[in-house]
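Written out below as structure tokens is the structure these notes cover.
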Amino acid sequence: MDTTQPGDAAPGDALATEIAAGFANMRLTEARRHVFLCTGPECCAREAGLATWAALKAACAAEAGGTALRTKADCLRVCAGGSWVVVYPEGVWYGGVTPERMARIVREHVVGGVPVAEWVARTRPLSGAA
């Protein structure tokens, strides 16, 4: 059975080797959750969004041990009351996220698996159905 994936390296294929290294570096196979953060400027001041991004990176490095992927976005389409964070696979949306709140969200939800109920704005898991 062939277990190769798109982007797996073939002998002598430098691009495929680079792609495989990228996936290994992000520790994709260890990921249990994916955190998306809007950094503004529509929903919040860009500086506030970037400060929350720095807090997300630090909290993931300190507490998540490679079990969380993180993605910085310019817009999650809410455009008010941010910074906005959505955590998958649960599809939990948090608004008004500050660096201090981000640390707690990572600790309790991303690592611990329990959403921070008092800050949840919406929950909409993606079903994966086509």
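Residue numbering restarts at 1 in every chain; chains get A, B, ... in the order shown in the structure tokens, and ligands count up from 1 in that same order.
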
Near-region 32-40 of chain A list (10 Å; only C-alpha atoms; drop same-chain fewer than 6 positions) as number ranges by chain:
A: 46-53, 56, 60, 64, 66-80, 82-95, 97, 102, 106, 109-111, 113

When DSSP works through the backbone of this structure, what residues of chain A end up as alpha helix (DSSP H), shown as a ChimeraX atom specification?
/A:14-26,46-59,99-105

Would you work out the distance separating CA of Ala24 (chain A) from CA of Arg124 (chain A), expressed in Å to one decimal?
29.2 Å

Measuring between only C-alpha atoms, which one of A:Ala55, A:Ala62, A:Thr123, A:Pro115 shows the shortest distance to Thr98 (chain A)?
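Ranked by minimum distance to Thr98 (chain A), first place goes to A:Ala55.
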
Between A:Lys57, A:Ala16, A:Arg122, A:Gly81, which is the closest to Pro41 (chain A) once you count only C-alpha atoms?
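Once distances to Pro41 (chain A) are computed over only C-alpha atoms, the minimum belongs to A:Gly81.
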